[in-house]
Amino acid sequence: MPRFLAAQPDARLLPLPWQLPLAQWPAKHLVALPRGISRHVVRFIQVGGEVFAAKEVLEHAALHEYRMLTDLGRLNTPAVEPMGVVTSRTSSDGDPLDSILLTRHLQFSLPYRSLFSTGVRPETVARLIDAMAVLLARLHLVGFLWGDVSLSNILFRRDAGEFAAYLVDAETAEIHDQLSTGQRLHDLDTAMVNLFGEFSDLEAGGMLDVSLDPLTLVEQIANRYRALWRELTGIEEFSGSELARIEGRVRRLNDLGFDVAELDILTSPTGDTIRIQPKVVDAGHHSRRLLRLTGLDTEENQARRLLNDLDTYRAHTNQAHVQESVVAHQWLTHSFEPVVNAVPSDLRGKREPAQIFHEVLDYRWYQSQREHRDVPLTEAVHGYIRDVLSGLPDEALAASTTASADEGGRELLNPFDPSQGFADDDEDGFTDDPWESEAHEPGTALLPDRFDVEALRRRSAPD
Ligand SMILES: Nc1ncnc2c1ncn2[C@@H]1O[C@H](COP(=O)(O)OP(=O)(O)OP(=O)(O)O)[C@@H](O)[C@H]1O
Ligand SMILES: [Mg+2]
């Protein structure tokens, strides 16, 4: 009899064929979705309207990973959500089978190979690197030593013009009260070794832009991580006449998407020098604010973008004197919802609502530039649906059951195990993302570089 361990047990799991090795599960329980390379057997299983990732692994490892993921959830750190562990499995002949760890499938997430297979531009790679540096720093802030940092163990979700990275594999992880510098740098070293291998693999497969070099890329991630860590935790000392630097530090952290919960300020007895150090920083500065104002739960940069649009709306409607929460409600019903509701239901699996709104804003911006006029949002959304959204591949699991089994007209060798590759295994035939092509046309202004700490320092330095 299998045993189920779960915080919120789901009775629909009980009748599944636990007596079979995961690799032999009948297709009727499975969903074909893209996923990363893994040592263990991993399958996506459909339970009612939900999809879970199931990983067959030794019992102690499954339990350990379940606990690590539960802790990460409690610490509000981006990771897949654990659902439970099934232990004490036996085959119909009574032979013992490994345990299965169940996690909720992370909606709209992209394993790096799916991202790269559609052709990724150098700027996009820089954004993926930033997202990884932020994830690693956030994990380290809460005392999480990952141990197995690699592209295969990260999932990416679109976050306005950037990406948000999620941890997917916590098998080797440990949680401590605080990490030593040695521990953190060990994680960073592992990241560099693994990522170098993965980038080299992509390069060998012709999936890495020729202008990019694996070694430079891993050095970039290390530099980004170090700069971010310094900004998040470093001591800053200055003279008593430069008090504005305290505010500058907080502002920079906010710009990076972090809130300062505790700032340690130490003044020398004479008041000549001041020393500051953030003691507790929490990620999600903008997403928390947007959630408070509108109830929308989004990624950080999506929130940043939506809040900017809310500010613009407030200015355009002359409501500077009106309470922000009141304006936010108006904006939600007059701007956000009409855009999101204009999307036909069969196209909703392509992007999350906040991402759609962000892309419509971008689309409107490009169209306004092109046509030298202010394009209204209601007009832009229809153009966006027609020119961009309808041509994009599905990213939610909706409808992709069949779509991903047959990516861009190519058949997977095994639709439930995309890591086995395509039946006609050659590397071309990848779908292009028309949105990416447009956004990166020559002469198009790039979005500001969010995680360039040096640039932020320059911008927020007191005059
Ligand atoms: N909850 C989830 N949502 C979406 N994708 C998932 C989820 N869980 C696993 N995956 C996909 O399955 C892949 C393999 O999972 P995972 O890394 O946990 O397996 P593993 O065998 O432990 O890997 P490793 O070889 O690194 O030990 C991931 O790269 C990811 O693409
Ligand atoms: Mg893995």
# chains A, B, ... in the order shown; residues from 1 in each chain; ligands from 1
call {"tool": "closest_atom_pairs", "arguments": {"of": "chain A", "to": "ligand 2", "cutoff": "10 Å", "atoms": "only C-alpha atoms and all ligand atoms", "output": "JSON lines"}}
result
{"residue": "A:Arg35", "atom": "CA", "partner": "ligand 2", "partner_atom_place_in_ligand_line": "1 (Mg)", "distance": 9.9}
{"residue": "A:Gly36", "atom": "CA", "partner": "ligand 2", "partner_atom_place_in_ligand_line": "1 (Mg)", "distance": 7.3}
{"residue": "A:Ile37", "atom": "CA", "partner": "ligand 2", "partner_atom_place_in_ligand_line": "1 (Mg)", "distance": 6.7}
{"residue": "A:Ser38", "atom": "CA", "partner": "ligand 2", "partner_atom_place_in_ligand_line": "1 (Mg)", "distance": 5.0}
{"residue": "A:Arg39", "atom": "CA", "partner": "ligand 2", "partner_atom_place_in_ligand_line": "1 (Mg)", "distance": 7.0}
{"residue": "A:His40", "atom": "CA", "partner": "ligand 2", "partner_atom_place_in_ligand_line": "1 (Mg)", "distance": 8.1}
{"residue": "A:Val42", "atom": "CA", "partner": "ligand 2", "partner_atom_place_in_ligand_line": "1 (Mg)", "distance": 9.6}
{"residue": "A:Lys55", "atom": "CA", "partner": "ligand 2", "partner_atom_place_in_ligand_line": "1 (Mg)", "distance": 10.0}
{"residue": "A:Asp148", "atom": "CA", "partner": "ligand 2", "partner_atom_place_in_ligand_line": "1 (Mg)", "distance": 8.0}
{"residue": "A:Val149", "atom": "CA", "partner": "ligand 2", "partner_atom_place_in_ligand_line": "1 (Mg)", "distance": 9.0}
{"residue": "A:Ser150", "atom": "CA", "partner": "ligand 2", "partner_atom_place_in_ligand_line": "1 (Mg)", "distance": 7.9}
{"residue": "A:Leu151", "atom": "CA", "partner": "ligand 2", "partner_atom_place_in_ligand_line": "1 (Mg)", "distance": 8.6}
{"residue": "A:Ser152", "atom": "CA", "partner": "ligand 2", "partner_atom_place_in_ligand_line": "1 (Mg)", "distance": 5.5}
{"residue": "A:Asn153", "atom": "CA", "partner": "ligand 2", "partner_atom_place_in_ligand_line": "1 (Mg)", "distance": 4.5}
{"residue": "A:Ile154", "atom": "CA", "partner": "ligand 2", "partner_atom_place_in_ligand_line": "1 (Mg)", "distance": 8.1}
{"residue": "A:Leu167", "atom": "CA", "partner": "ligand 2", "partner_atom_place_in_ligand_line": "1 (Mg)", "distance": 9.6}
{"residue": "A:Val168", "atom": "CA", "partner": "ligand 2", "partner_atom_place_in_ligand_line": "1 (Mg)", "distance": 7.0}
{"residue": "A:Asp169", "atom": "CA", "partner": "ligand 2", "partner_atom_place_in_ligand_line": "1 (Mg)", "distance": 5.1}
{"residue": "A:Ala170", "atom": "CA", "partner": "ligand 2", "partner_atom_place_in_ligand_line": "1 (Mg)", "distance": 8.2}
{"residue": "A:Glu171", "atom": "CA", "partner": "ligand 2", "partner_atom_place_in_ligand_line": "1 (Mg)", "distance": 8.3}
{"residue": "A:Thr172", "atom": "CA", "partner": "ligand 2", "partner_atom_place_in_ligand_line": "1 (Mg)", "distance": 10.0}
call {"tool": "write_last_selection", "arguments": {"atoms": "C-alpha atoms", "output": "mmCIF file, in the first residue's frame"}}
result
data_model
loop_
_atom_site.group_PDB
_atom_site.id
_atom_site.type_symbol
_atom_site.label_atom_id
_atom_site.label_comp_id
_atom_site.auth_asym_id
_atom_site.auth_seq_id
_atom_site.Cartn_x
_atom_site.Cartn_y
_atom_site.Cartn_z
ATOM 1 C CA ARG A 35 11.028 20.143 -19.317
ATOM 2 C CA GLY A 36 14.692 20.146 -18.502
ATOM 3 C CA ILE A 37 17.206 17.356 -18.524
ATOM 4 C CA SER A 38 17.129 15.175 -15.426
ATOM 5 C CA ARG A 39 18.787 12.102 -13.986
ATOM 6 C CA HIS A 40 15.538 10.801 -12.536
ATOM 7 C CA VAL A 42 10.149 12.881 -14.298
ATOM 8 C CA LYS A 55 9.780 12.626 -9.873
ATOM 9 C CA ASP A 148 23.269 22.000 -7.456
ATOM 10 C CA VAL A 149 22.836 25.309 -9.246
ATOM 11 C CA SER A 150 22.368 24.701 -12.953
ATOM 12 C CA LEU A 151 20.204 25.837 -15.833
ATOM 13 C CA SER A 152 18.376 22.496 -15.763
ATOM 14 C CA ASN A 153 17.387 23.158 -12.182
ATOM 15 C CA ILE A 154 15.876 26.557 -12.902
ATOM 16 C CA LEU A 167 14.219 26.889 -8.318
ATOM 17 C CA VAL A 168 13.044 23.466 -9.410
ATOM 18 C CA ASP A 169 15.420 20.946 -7.866
ATOM 19 C CA ALA A 170 16.245 21.113 -4.152
ATOM 20 C CA GLU A 171 17.535 17.593 -3.716
ATOM 21 C CA THR A 172 21.016 18.638 -2.619
#
call {"tool": "residues_around", "arguments": {"residues": "Ala160 (chain A)", "least_positions_apart": "3", "cutoff": "8 Å", "atoms": "only C-alpha atoms", "output": "VMD selection string"}}
result
chain A and resid 163 301 to 302 305 355 358 to 359
call {"tool": "closest_residue", "arguments": {"among": "A:Leu97, A:Ala6, A:Leu266, A:Val142", "to": "Glu174 (chain A)", "atoms": "only C-alpha atoms"}}
result
A:Val142
call {"tool": "closest_residue", "arguments": {"among": "A:His105, A:Asn76, A:Ala222, A:Ala53", "to": "Ile129 (chain A)", "atoms": "only C-alpha atoms"}}
result
A:Ala222
call {"tool": "residues_around", "arguments": {"residues": "region 278-284 of chain A", "least_positions_apart": "3", "cutoff": "7 Å", "atoms": "only C-alpha atoms", "output": "ChimeraX atom specification"}}
result
/A:232-233,257-264,287-288,300
call {"tool": "write_last_selection", "arguments": {"atoms": "N, CA and C atoms", "output": "compact mmCIF listing (two decimals), in the first residue's frame"}}
result
# COMPACT_ATOMS: atom_id res chain seq x y z
N LEU A 232 23.03 44.33 -1.48
CA LEU A 232 22.00 43.87 -0.55
C LEU A 232 22.48 43.81 0.88
N THR A 233 23.77 43.56 1.09
CA THR A 233 24.23 43.28 2.45
C THR A 233 25.43 44.12 2.89
N GLY A 257 14.25 45.97 -6.63
CA GLY A 257 13.09 45.14 -6.29
C GLY A 257 13.10 44.62 -4.87
N PHE A 258 13.92 45.22 -4.01
CA PHE A 258 13.99 44.76 -2.62
C PHE A 258 13.51 45.85 -1.65
N ASP A 259 12.92 45.41 -0.55
CA ASP A 259 12.54 46.33 0.51
C ASP A 259 13.51 46.15 1.67
N VAL A 260 13.81 47.23 2.34
CA VAL A 260 14.67 47.13 3.51
C VAL A 260 13.78 47.03 4.73
N ALA A 261 13.85 45.91 5.42
CA ALA A 261 13.04 45.77 6.63
C ALA A 261 13.81 46.32 7.83
N GLU A 262 15.11 46.19 7.80
CA GLU A 262 15.93 46.72 8.89
C GLU A 262 17.22 47.28 8.33
N LEU A 263 17.49 48.52 8.67
CA LEU A 263 18.74 49.13 8.23
C LEU A 263 19.50 49.50 9.49
N ASP A 264 20.70 48.99 9.62
CA ASP A 264 21.50 49.26 10.79
C ASP A 264 22.30 50.55 10.53
N SER A 287 5.97 44.15 -6.41
CA SER A 287 4.83 43.23 -6.49
C SER A 287 3.98 43.32 -5.23
N ARG A 288 4.61 43.56 -4.09
CA ARG A 288 3.81 43.72 -2.86
C ARG A 288 2.94 44.95 -2.94
N GLU A 300 7.83 40.62 -10.21
CA GLU A 300 8.33 41.93 -9.80
C GLU A 300 8.36 42.98 -10.92
call {"tool": "residues_around", "arguments": {"residues": "Arg67 (chain A)", "least_positions_apart": "4", "cutoff": "10 Å", "atoms": "only C-alpha atoms", "output": "list in words"}}
result
Ala61, Ala62, Leu63, Asp71, Leu72, Gly73, Pro82, Gly84, Ala170 and Glu171 of chain A
call {"tool": "select_by_dssp", "arguments": {"residues": "region 105-349 of chain A", "states": "helix (DSSP H, G or I)", "output": "PyMOL selection string"}}
result
chain A and resi 112-117+122-141+151-153+181-204+214-233+244-255+285-294+300-316+324-341+345-347
